[in-house]
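What follows is the content of upload-v9.cif (mmCIF, C-alpha atoms and all ligand atoms).
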```cif
data_final
loop_
_atom_site.label_atom_id
_atom_site.label_comp_id
_atom_site.auth_asym_id
_atom_site.auth_seq_id
_atom_site.Cartn_x
_atom_site.Cartn_y
_atom_site.Cartn_z
CA MET K 1 -10.06 37.30 -24.52
CA VAL K 2 -8.16 36.75 -21.30
CA THR K 3 -5.05 34.66 -21.84
CA ARG K 4 -3.75 32.28 -19.18
CA ARG K 5 -0.84 34.52 -18.44
CA LYS K 6 -3.06 37.57 -18.06
CA PHE K 7 -5.48 35.63 -15.94
CA VAL K 8 -2.81 35.01 -13.33
CA ALA K 9 -0.84 38.21 -13.72
CA GLY K 10 -1.16 40.02 -10.43
CA GLY K 11 -2.46 36.85 -8.81
CA LEU K 12 -0.99 36.19 -5.40
CA ALA K 13 0.40 32.85 -6.50
CA ALA K 14 2.34 34.42 -9.31
CA LEU K 15 3.59 37.24 -7.10
CA SER K 16 4.94 34.98 -4.42
CA ALA K 17 6.50 32.76 -7.07
CA ALA K 18 8.18 35.80 -8.57
CA LYS K 19 9.63 36.78 -5.22
CA ALA K 20 10.99 33.38 -4.42
CA PHE K 21 12.49 32.68 -7.81
CA ALA K 22 13.36 36.01 -9.31
CA ASN K 23 15.97 34.41 -11.56
CA THR K 24 13.78 31.65 -12.88
CA PRO K 25 13.17 32.16 -16.60
CA SER K 26 9.57 31.07 -16.43
CA LEU K 27 7.25 30.72 -13.47
CA ASP K 28 4.92 28.34 -15.17
CA LEU K 29 5.72 24.62 -14.94
CA GLY K 30 3.15 23.85 -17.61
CA ALA K 31 4.82 26.24 -20.04
CA ILE K 32 8.30 24.92 -19.30
CA ALA K 33 7.03 21.38 -19.82
CA ARG K 34 5.21 22.26 -23.03
CA ARG K 35 8.34 23.74 -24.56
CA LYS K 36 9.87 20.26 -24.23
CA GLY K 37 6.78 18.51 -25.52
CA LEU K 38 6.11 17.23 -22.00
CA ILE K 39 3.11 17.27 -19.73
CA TYR K 40 2.96 18.81 -16.30
CA GLY K 41 -0.37 18.21 -14.69
CA THR K 42 -2.01 17.88 -11.33
CA ALA K 43 -4.90 16.17 -9.64
CA VAL K 44 -7.69 18.57 -8.73
CA ASN K 45 -8.98 18.49 -5.18
CA GLY K 46 -12.76 18.91 -5.36
CA LYS K 47 -13.11 21.06 -2.26
CA GLY K 48 -10.32 23.44 -3.21
CA PHE K 49 -11.65 23.68 -6.75
CA ALA K 50 -15.15 24.55 -5.58
CA LYS K 51 -14.29 27.02 -2.85
CA ASP K 52 -10.83 28.47 -3.26
CA LEU K 53 -10.26 31.01 -6.01
CA ARG K 54 -6.54 31.26 -5.37
CA PHE K 55 -6.25 27.50 -5.72
CA ARG K 56 -7.97 27.69 -9.10
CA GLU K 57 -5.61 30.48 -10.12
CA LEU K 58 -2.66 28.32 -9.18
CA LEU K 59 -3.97 25.42 -11.28
CA ALA K 60 -4.49 27.71 -14.25
CA ALA K 61 -1.06 29.26 -13.80
CA GLN K 62 0.95 26.07 -13.47
CA ALA K 63 -0.54 23.03 -15.15
CA ASN K 64 -1.04 21.96 -18.74
CA MET K 65 -3.14 18.94 -17.75
CA LEU K 66 -5.70 18.21 -15.03
CA VAL K 67 -7.15 15.03 -13.59
CA CYS K 68 -9.92 14.84 -11.00
CA GLU K 69 -8.77 13.52 -7.63
CA GLY K 70 -12.14 11.90 -6.98
CA ALA K 71 -14.79 13.15 -9.39
CA THR K 72 -14.18 10.59 -12.15
CA LYS K 73 -14.21 7.59 -9.83
CA ARG K 74 -17.24 5.35 -9.95
CA GLN K 75 -18.70 6.22 -6.56
CA ALA K 76 -18.81 9.84 -7.69
CA LEU K 77 -20.05 9.22 -11.24
CA GLU K 78 -22.60 6.45 -10.69
CA PRO K 79 -23.86 6.79 -7.10
CA LYS K 80 -27.03 4.84 -7.96
CA PRO K 81 -27.38 2.19 -10.67
CA GLY K 82 -27.73 3.94 -14.01
CA ILE K 83 -27.87 7.42 -12.41
CA TYR K 84 -24.85 9.45 -13.48
CA ASP K 85 -23.53 12.63 -11.90
CA TYR K 86 -21.04 14.48 -14.07
CA SER K 87 -21.31 17.82 -12.29
CA GLU K 88 -17.86 18.14 -10.71
CA ALA K 89 -16.05 16.41 -13.56
CA THR K 90 -17.73 18.71 -16.08
CA ALA K 91 -16.78 21.81 -14.09
CA VAL K 92 -13.14 20.71 -14.04
CA LEU K 93 -13.22 19.81 -17.74
CA ASP K 94 -14.71 23.21 -18.65
CA PHE K 95 -12.04 24.93 -16.58
CA ALA K 96 -9.32 22.88 -18.29
CA ASN K 97 -10.67 23.79 -21.72
CA GLN K 98 -10.96 27.45 -20.78
CA HIS K 99 -7.28 27.50 -19.84
CA LYS K 100 -6.11 25.29 -22.72
CA MET K 101 -5.16 22.41 -20.47
CA LYS K 102 -5.58 18.74 -21.33
CA MET K 103 -7.55 16.34 -19.15
CA ARG K 104 -7.10 12.73 -18.18
CA GLY K 105 -9.60 10.35 -16.68
CA HIS K 106 -8.99 8.40 -13.48
CA THR K 107 -10.17 5.65 -13.22
CA LEU K 108 -12.68 3.31 -14.88
CA VAL K 109 -12.13 0.13 -12.87
CA TRP K 110 -10.61 0.06 -9.37
CA HIS K 111 -11.13 -2.07 -6.28
CA LEU K 112 -11.76 1.13 -4.27
CA ALA K 113 -14.18 4.07 -4.57
CA ASN K 114 -17.05 1.88 -5.72
CA PRO K 115 -20.65 2.53 -4.66
CA LYS K 116 -22.16 -0.01 -2.28
CA TRP K 117 -24.85 -1.08 -4.73
CA LEU K 118 -22.12 -2.12 -7.16
CA LEU K 119 -20.18 -4.15 -4.61
CA ASP K 120 -23.41 -5.93 -3.69
CA ALA K 121 -24.22 -6.63 -7.32
CA LEU K 122 -20.70 -7.95 -8.00
CA GLN K 123 -21.13 -10.38 -5.15
CA ASP K 124 -24.72 -11.44 -5.72
CA LYS K 125 -25.05 -11.45 -9.48
CA PRO K 126 -21.80 -10.71 -11.30
CA SER K 127 -22.44 -9.77 -14.91
CA GLU K 128 -20.00 -8.32 -17.42
CA ALA K 129 -22.51 -5.55 -18.01
CA LEU K 130 -21.43 -4.13 -14.64
CA ILE K 131 -18.18 -3.27 -16.39
CA THR K 132 -19.22 -2.67 -19.98
CA ASP K 133 -22.37 -0.57 -19.42
CA TYR K 134 -20.45 1.78 -17.16
CA ILE K 135 -17.46 2.18 -19.46
CA THR K 136 -19.64 2.57 -22.54
CA GLU K 137 -21.58 5.32 -20.79
CA VAL K 138 -18.73 7.17 -19.09
CA ALA K 139 -15.93 6.87 -21.65
CA GLY K 140 -18.61 7.56 -24.27
CA HIS K 141 -19.71 10.68 -22.39
CA PHE K 142 -16.14 12.04 -22.42
CA ARG K 143 -15.32 10.74 -25.91
CA GLY K 144 -12.73 12.95 -27.58
CA LYS K 145 -12.32 15.10 -24.47
CA PHE K 146 -9.69 13.22 -22.47
CA GLN K 147 -6.10 12.74 -23.61
CA SER K 148 -5.94 9.47 -21.65
CA TRP K 149 -7.90 7.22 -19.31
CA ASP K 150 -6.67 5.03 -16.51
CA VAL K 151 -8.73 2.02 -17.51
CA ILE K 152 -7.56 -0.09 -14.57
CA ASN K 153 -5.88 0.93 -11.34
CA GLU K 154 -3.83 -0.96 -8.75
CA VAL K 155 -4.53 -4.45 -10.04
CA LEU K 156 -1.48 -5.99 -8.36
CA SER K 157 -1.07 -6.59 -4.65
CA PRO K 158 1.89 -8.38 -3.08
CA ASP K 159 -0.20 -8.67 0.09
CA ASP K 160 -2.54 -11.08 -1.66
CA TRP K 161 0.29 -13.59 -2.04
CA ASN K 162 -0.39 -14.81 -5.55
CA ARG K 163 2.46 -16.07 -7.68
CA ASP K 164 1.53 -13.73 -10.52
CA GLY K 165 1.04 -10.83 -8.10
CA MET K 166 -2.61 -10.22 -8.98
CA ARG K 167 -4.85 -8.47 -6.47
CA SER K 168 -7.18 -11.43 -6.02
CA SER K 169 -9.03 -9.70 -3.16
CA SER K 170 -10.42 -7.13 -5.63
CA PRO K 171 -14.18 -7.49 -6.12
CA TRP K 172 -13.52 -7.43 -9.88
CA PHE K 173 -11.02 -10.25 -9.70
CA LYS K 174 -13.30 -12.27 -7.45
CA ALA K 175 -16.17 -11.93 -9.90
CA PHE K 176 -14.34 -12.47 -13.19
CA GLY K 177 -10.69 -13.39 -12.62
CA GLU K 178 -8.09 -11.51 -14.65
CA ARG K 179 -10.54 -11.34 -17.58
CA TYR K 180 -12.11 -8.18 -16.16
CA ILE K 181 -9.08 -6.29 -17.39
CA ASP K 182 -9.53 -7.42 -20.98
CA ILE K 183 -13.23 -6.59 -20.87
CA ALA K 184 -12.53 -3.11 -19.52
CA PHE K 185 -9.90 -2.22 -22.12
CA HIS K 186 -12.00 -3.44 -25.04
CA ALA K 187 -15.02 -1.50 -23.80
CA ALA K 188 -12.94 1.66 -23.36
CA LYS K 189 -11.45 1.32 -26.85
CA ALA K 190 -14.91 0.98 -28.37
CA ALA K 191 -16.29 3.93 -26.40
CA ASP K 192 -13.42 6.39 -27.06
CA PRO K 193 -11.08 5.04 -29.75
CA ASN K 194 -8.69 8.01 -29.75
CA THR K 195 -7.86 8.42 -26.07
CA LEU K 196 -4.73 6.69 -24.75
CA LEU K 197 -5.62 3.71 -22.60
CA PHE K 198 -3.51 3.28 -19.48
CA TYR K 199 -2.89 0.67 -16.85
CA ASN K 200 -2.13 2.65 -13.67
CA GLU K 201 -0.21 1.03 -10.80
CA LEU K 202 1.30 1.93 -7.41
CA ASN K 203 4.56 1.08 -5.68
CA LEU K 204 6.50 0.30 -8.84
CA GLU K 205 9.43 2.56 -8.03
CA ALA K 206 10.93 1.46 -4.71
CA ASP K 207 14.30 -0.17 -4.17
CA ALA K 208 12.86 -3.12 -2.26
CA ARG K 209 12.52 -6.80 -2.98
CA TRP K 210 8.72 -6.76 -2.94
CA SER K 211 8.67 -3.76 -5.28
CA GLU K 212 11.01 -5.57 -7.68
CA ASP K 213 8.61 -8.51 -7.62
CA LYS K 214 5.80 -6.11 -8.36
CA ARG K 215 7.67 -4.65 -11.34
CA THR K 216 8.16 -8.16 -12.66
CA SER K 217 4.46 -8.93 -12.17
CA ALA K 218 3.49 -5.71 -13.97
CA LEU K 219 5.71 -6.51 -16.95
CA LYS K 220 4.34 -10.04 -17.14
CA LEU K 221 0.78 -8.79 -16.91
CA ILE K 222 1.41 -6.31 -19.73
CA GLU K 223 2.91 -9.14 -21.77
CA ARG K 224 -0.17 -11.33 -21.20
CA LEU K 225 -2.51 -8.48 -22.10
CA LYS K 226 -0.63 -7.72 -25.28
CA SER K 227 -0.53 -11.36 -26.29
CA ARG K 228 -4.32 -11.48 -25.90
CA GLY K 229 -4.72 -8.42 -28.11
CA VAL K 230 -5.85 -6.11 -25.30
CA PRO K 231 -5.55 -2.46 -26.45
CA ILE K 232 -3.24 -1.22 -23.68
CA GLU K 233 -1.19 1.82 -24.69
CA GLY K 234 0.41 3.17 -21.57
CA LEU K 235 1.62 2.45 -18.08
CA GLY K 236 0.84 4.97 -15.38
CA ILE K 237 3.47 4.87 -12.66
CA GLN K 238 1.76 6.47 -9.67
CA SER K 239 4.99 7.63 -8.03
CA HIS K 240 3.87 8.13 -4.44
CA LEU K 241 7.44 8.20 -3.09
CA LYS K 242 8.13 7.66 0.59
CA LEU K 243 11.37 9.45 1.21
CA TYR K 244 12.20 8.31 4.73
CA ARG K 245 10.62 4.90 4.52
CA LEU K 246 11.49 3.34 1.17
CA ARG K 247 14.76 3.44 -0.70
CA TYR K 248 14.92 4.67 -4.27
CA ASP K 249 17.61 3.81 -6.80
CA ASP K 250 18.06 5.60 -10.13
CA ARG K 251 19.41 2.54 -11.90
CA ILE K 252 16.55 0.31 -10.84
CA PHE K 253 13.96 2.87 -11.92
CA SER K 254 15.77 3.50 -15.21
CA ARG K 255 15.94 -0.19 -16.03
CA PHE K 256 12.25 -0.68 -15.31
CA LEU K 257 11.31 2.27 -17.53
CA ASP K 258 13.40 0.80 -20.35
CA ASP K 259 11.63 -2.54 -19.94
CA VAL K 260 8.25 -0.84 -20.25
CA GLY K 261 9.36 1.27 -23.20
CA ALA K 262 10.70 -1.82 -24.95
CA MET K 263 7.19 -3.26 -24.85
CA GLY K 264 5.98 -0.31 -26.90
CA LEU K 265 4.11 1.42 -24.10
CA LYS K 266 4.02 5.11 -23.27
CA VAL K 267 4.69 6.02 -19.65
CA MET K 268 3.18 8.75 -17.54
CA LEU K 269 4.09 9.53 -13.92
CA THR K 270 0.52 9.93 -12.80
CA GLU K 271 0.38 10.71 -9.07
CA PHE K 272 3.76 12.06 -8.05
CA ASP K 273 4.20 13.24 -4.48
CA ILE K 274 6.68 12.57 -1.69
CA ALA K 275 5.56 11.47 1.75
CA ASP K 276 7.82 13.13 4.32
CA ALA K 277 6.53 11.64 7.56
CA GLU K 278 9.33 10.28 9.77
CA GLY K 279 11.77 12.82 8.33
CA PRO K 280 13.69 15.53 10.22
CA ARG K 281 11.55 17.96 12.26
CA ASP K 282 13.04 20.97 10.47
CA PRO K 283 10.83 21.63 7.43
CA ALA K 284 13.70 23.29 5.56
CA LYS K 285 15.70 20.06 5.77
CA ARG K 286 12.77 18.02 4.54
CA ASP K 287 12.14 20.46 1.70
CA ALA K 288 15.74 20.10 0.59
CA ASP K 289 15.53 16.29 0.71
CA VAL K 290 12.23 16.29 -1.16
CA ALA K 291 13.67 18.56 -3.84
CA SER K 292 16.76 16.48 -4.36
CA LEU K 293 14.77 13.25 -4.70
CA THR K 294 12.38 15.01 -7.08
CA LYS K 295 15.23 16.06 -9.33
CA ARG K 296 16.80 12.60 -9.40
CA TYR K 297 13.50 10.88 -10.06
CA LEU K 298 12.34 13.21 -12.83
CA ASP K 299 15.76 13.36 -14.50
CA VAL K 300 15.66 9.60 -14.96
CA ALA K 301 12.08 9.63 -16.24
CA PHE K 302 12.53 12.55 -18.63
CA SER K 303 15.62 10.98 -20.16
CA LYS K 304 13.30 8.40 -21.78
CA PRO K 305 11.61 9.49 -25.00
CA PHE K 306 8.50 7.41 -24.31
CA VAL K 307 7.76 9.20 -21.00
CA LEU K 308 5.03 11.74 -21.68
CA GLY K 309 5.29 13.73 -18.48
CA CYS K 310 4.35 13.94 -14.86
CA LEU K 311 1.27 14.78 -12.84
CA THR K 312 1.52 15.59 -9.15
CA TRP K 313 -1.24 14.31 -6.88
CA GLY K 314 -2.28 17.79 -5.89
CA ILE K 315 -0.28 20.96 -6.28
CA SER K 316 -0.36 22.62 -2.84
CA ASP K 317 0.21 21.13 0.61
CA LYS K 318 -3.04 22.82 1.60
CA TYR K 319 -4.96 20.07 -0.18
CA SER K 320 -2.68 17.04 -0.06
CA TRP K 321 -4.13 13.60 0.64
CA LEU K 322 -0.76 12.82 2.31
CA SER K 323 -1.79 14.91 5.30
CA LYS K 324 -4.96 12.88 5.81
CA TYR K 325 -4.11 9.35 4.85
CA GLU K 326 -3.39 7.16 7.87
CA ASN K 327 -0.26 5.65 6.45
CA TYR K 328 1.45 8.89 5.42
CA LYS K 329 0.28 11.63 7.77
CA TRP K 330 2.19 13.20 10.65
CA ALA K 331 0.92 11.97 14.01
CA ASP K 332 1.01 15.52 15.44
CA GLY K 333 -1.16 16.89 12.64
CA SER K 334 1.60 18.79 10.78
CA LEU K 335 0.95 19.14 7.09
CA SER K 336 2.88 16.93 4.76
CA ARG K 337 5.24 18.89 2.47
CA GLY K 338 5.30 16.56 -0.52
CA LEU K 339 3.96 18.86 -3.27
CA PRO K 340 5.53 21.76 -5.23
CA PHE K 341 3.63 24.56 -3.42
CA ASP K 342 3.20 25.04 0.31
CA GLU K 343 -0.10 25.66 2.07
CA ASN K 344 0.14 29.39 1.28
CA PHE K 345 0.69 28.64 -2.40
CA LYS K 346 4.33 29.62 -2.24
CA PRO K 347 6.64 27.52 -4.41
CA LYS K 348 9.03 25.31 -2.49
CA PRO K 349 12.39 23.86 -3.48
CA MET K 350 10.42 20.95 -4.96
CA TRP K 351 8.96 23.39 -7.50
CA GLN K 352 12.44 24.52 -8.42
CA ALA K 353 13.58 20.92 -8.77
CA MET K 354 10.67 20.17 -11.08
CA ALA K 355 11.30 23.26 -13.18
CA SER K 356 14.93 22.37 -13.55
CA ALA K 357 14.15 18.73 -14.47
CA TYR K 358 11.72 19.90 -17.16
CA GLU K 359 14.19 22.50 -18.38
CA GLY K 360 16.92 19.88 -18.61
CA ALA K 361 14.75 17.35 -20.44
CA LYS K 362 15.43 16.53 -24.06
CA GLY K 363 12.67 17.91 -26.24
CA ARG K 364 10.29 15.44 -27.82
C1 LIG J 1 -7.01 9.18 -3.20
C2 LIG J 1 -7.49 10.60 -3.01
O1 LIG J 1 -6.41 11.46 -3.11
C3 LIG J 1 -8.16 10.72 -1.67
O2 LIG J 1 -8.71 12.02 -1.51
C4 LIG J 1 -9.25 9.66 -1.54
O3 LIG J 1 -9.78 9.71 -0.27
C5 LIG J 1 -8.70 8.29 -1.80
O4 LIG J 1 -8.07 8.27 -3.06
N1 LIG J 1 -3.89 6.01 -5.65
C6 LIG J 1 -4.87 6.41 -6.52
C7 LIG J 1 -5.69 7.59 -6.21
O5 LIG J 1 -4.98 5.86 -7.62
O6 LIG J 1 -6.97 7.52 -6.77
C8 LIG J 1 -5.78 7.81 -4.73
O7 LIG J 1 -6.49 9.02 -4.49
C9 LIG J 1 -4.41 7.84 -4.11
C10 LIG J 1 -3.69 6.54 -4.34
#
```
Rewrite the coordinates I just gave you, this time as structure tokens.
Amino acid sequence: MVTRRKFVAGGLAALSAAKAFANTPSLDLGAIARRKGLIYGTAVNGKGFAKDLRFRELLAAQANMLVCEGATKRQALEPKPGIYDYSEATAVLDFANQHKMKMRGHTLVWHLANPKWLLDALQDKPSEALITDYITEVAGHFRGKFQSWDVINEVLSPDDWNRDGMRSSSPWFKAFGERYIDIAFHAAKAADPNTLLFYNELNLEADARWSEDKRTSALKLIERLKSRGVPIEGLGIQSHLKLYRLRYDDRIFSRFLDDVGAMGLKVMLTEFDIADAEGPRDPAKRDADVASLTKRYLDVAFSKPFVLGCLTWGISDKYSWLSKYENYKWADGSLSRGLPFDENFKPKPMWQAMASAYEGAKGR
């Protein structure tokens, strides 16, 4: 049998890592994390996974959990009503199993990445079955195979100007009001009783008034869900940091985490990356800034016993959504440098910062 370590031994990724960090005790973030009882995982870019052997080697070498970047969203899984396509998700799951990595599911209900037929149906003839049939099928299909599911994603939106912060422009909210969340969690619990059920949210970590309001809205929403007996078990904090655009404050983040922990929820940093657009032109300077923010952010998170770990939204700059997304990309086409490995799969100072945060974490 080929072990994970053997599988990557001699791999280019491991070699370049060895060169850059000759004094690092372990080159494997997943292993460092596991020693502390923590998760280090990454989202899997479908194109890289399908075509790039070195990318797959890097995943196998570094992560102890995977999540599909797109393949477990509804437009991928149910392109036509009742017709399910599990091909990419199954390939990633098999790969994860082969390399003894855990998997998480992302995401059952979201206002984005929905097939057109579904949006039409939600408008013309909204029926709860549009939520429950899907969740019963999909969470049932993966029953026992995922460590956690993001049941709902991005359900708050300050831009929608509601007092309770709800994203009222979501097709789900328009069809059912807030009740869609309860329906989704109950269906997920019935379909896969032993997976952890998460509410995943963005922009919860900035030092800004609107982000503080969003944190308050999230806590209040969690409180309402719990009071209605909704089986919510965790909060996913996406953690798409914007280094040169939004301020970050350790104390604010720490306090928010404590508030969530006090409600009995587990926390996972689910989509960590650092947008570097608008930063200094010199990549070395940006890398240093990214690394220092990484260390501060993860140190705070890992000091809390109810934080399970961190997933980065991609692992190499070669396949980062930050380089494509309108809001985050460099106007001149430069690649964003917000992930632990560069486009040649060489570890950057961000990798070192992550390794040292995991190494410094209290075991759990
Ligand atoms: C992004 C993917 O990375 C992109 O490839 C895709 O085009 C759009 O979705 N928050 C989420 C993720 O919850 O699902 C998003 O992923 C990034 C923001």
Item to complete: Give the residues close to ligand LIG 1 (chain J), within 8 Å, counting only C-alpha atoms and all ligand atoms; write them as a list in words.
Response: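 Residues lying within 8 Å of ligand LIG 1 (chain J): Asn45, Glu69, Gly70, Lys73, His106, Thr107, Ala113, Asn153, Glu154, Asn200, Glu201, Leu202, Gln238, His240, Glu271, Trp313, Ser320, Trp321, Leu322 and Tyr325 of chain K.
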Residues of the last selection are to be written out with C-alpha atoms, as a PDB file, keeping the file's coordinate frame.
```pdb
ATOM      1  CA  ASN K  45      -8.980  18.490  -5.180  1.00  0.00           C
ATOM      2  CA  GLU K  69      -8.770  13.520  -7.630  1.00  0.00           C
ATOM      3  CA  GLY K  70     -12.140  11.900  -6.980  1.00  0.00           C
ATOM      4  CA  LYS K  73     -14.210   7.590  -9.830  1.00  0.00           C
ATOM      5  CA  HIS K 106      -8.990   8.400 -13.480  1.00  0.00           C
ATOM      6  CA  THR K 107     -10.170   5.650 -13.220  1.00  0.00           C
ATOM      7  CA  ALA K 113     -14.180   4.070  -4.570  1.00  0.00           C
ATOM      8  CA  ASN K 153      -5.880   0.930 -11.340  1.00  0.00           C
ATOM      9  CA  GLU K 154      -3.830  -0.960  -8.750  1.00  0.00           C
ATOM     10  CA  ASN K 200      -2.130   2.650 -13.670  1.00  0.00           C
ATOM     11  CA  GLU K 201      -0.210   1.030 -10.800  1.00  0.00           C
ATOM     12  CA  LEU K 202       1.300   1.930  -7.410  1.00  0.00           C
ATOM     13  CA  GLN K 238       1.760   6.470  -9.670  1.00  0.00           C
ATOM     14  CA  HIS K 240       3.870   8.130  -4.440  1.00  0.00           C
ATOM     15  CA  GLU K 271       0.380  10.710  -9.070  1.00  0.00           C
ATOM     16  CA  TRP K 313      -1.240  14.310  -6.880  1.00  0.00           C
ATOM     17  CA  SER K 320      -2.680  17.040  -0.060  1.00  0.00           C
ATOM     18  CA  TRP K 321      -4.130  13.600   0.640  1.00  0.00           C
ATOM     19  CA  LEU K 322      -0.760  12.820   2.310  1.00  0.00           C
ATOM     20  CA  TYR K 325      -4.110   9.350   4.850  1.00  0.00           C
TER      21      TYR K 325
END
```
Expected axis-aligned box over every listed atom of segment 127-142 of chain K, 8 Å added per side, centre plus edges in Å to one decimal, as JSON:
```
{"center_x": -19.2, "center_y": 1.1, "center_z": -19.5, "size_x": 22.6, "size_y": 37.8, "size_z": 25.6}
```
Discussion item. List as a ChimeraX atom specification the protein and nucleic acid residues near segment 167-179 of chain K, meaning an atom at most 10 Å away when all atoms listed in the file are counted, but skip any in the same chain fewer than 2 places from it.
Written reply: /K:109-112,114,118-128,130-131,154-162,164-165,181-184,221,225
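The shortest atom-to-atom distance to Tyr328 of chain K, with all atoms listed in the file taken into account, belongs to K:Lys242 out of K:Lys242, K:Lys51, K:Lys100, K:Lys80.
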Practice prompt. Point out the residue among K:Tyr358, K:Phe146, K:Tyr319, K:Phe345 with the least atom-to-atom distance to Ala89 of chain K, counting all atoms listed in the file.
Written response: K:Phe146
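Residue neighbourhood of Lys329 of chain K, excluding near-sequence residues (fewer than 4 positions): Lys242, Ile274, Ala275, Asp276, Ala277, Glu278, Gly279, Asp317, Ser320, Trp321, Leu322, Ser323, Lys324, Tyr325, Gly333, Ser334, Leu335, Ser336, Arg337 and Gly338 of chain K, at 12 Å, using only C-alpha atoms.
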Practice prompt. Could you give me, as number ranges by chain, the residues within 10 Å of Pro79 of chain K, counting only C-alpha atoms and dropping anything in the same chain fewer than 4 positions from it?
Written response: K: 74-75, 83-85, 114-118
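One distance worth recording is that between atom CA of Leu77 of chain K and atom CA of Asn203 of chain K, which is 26.5 Å.
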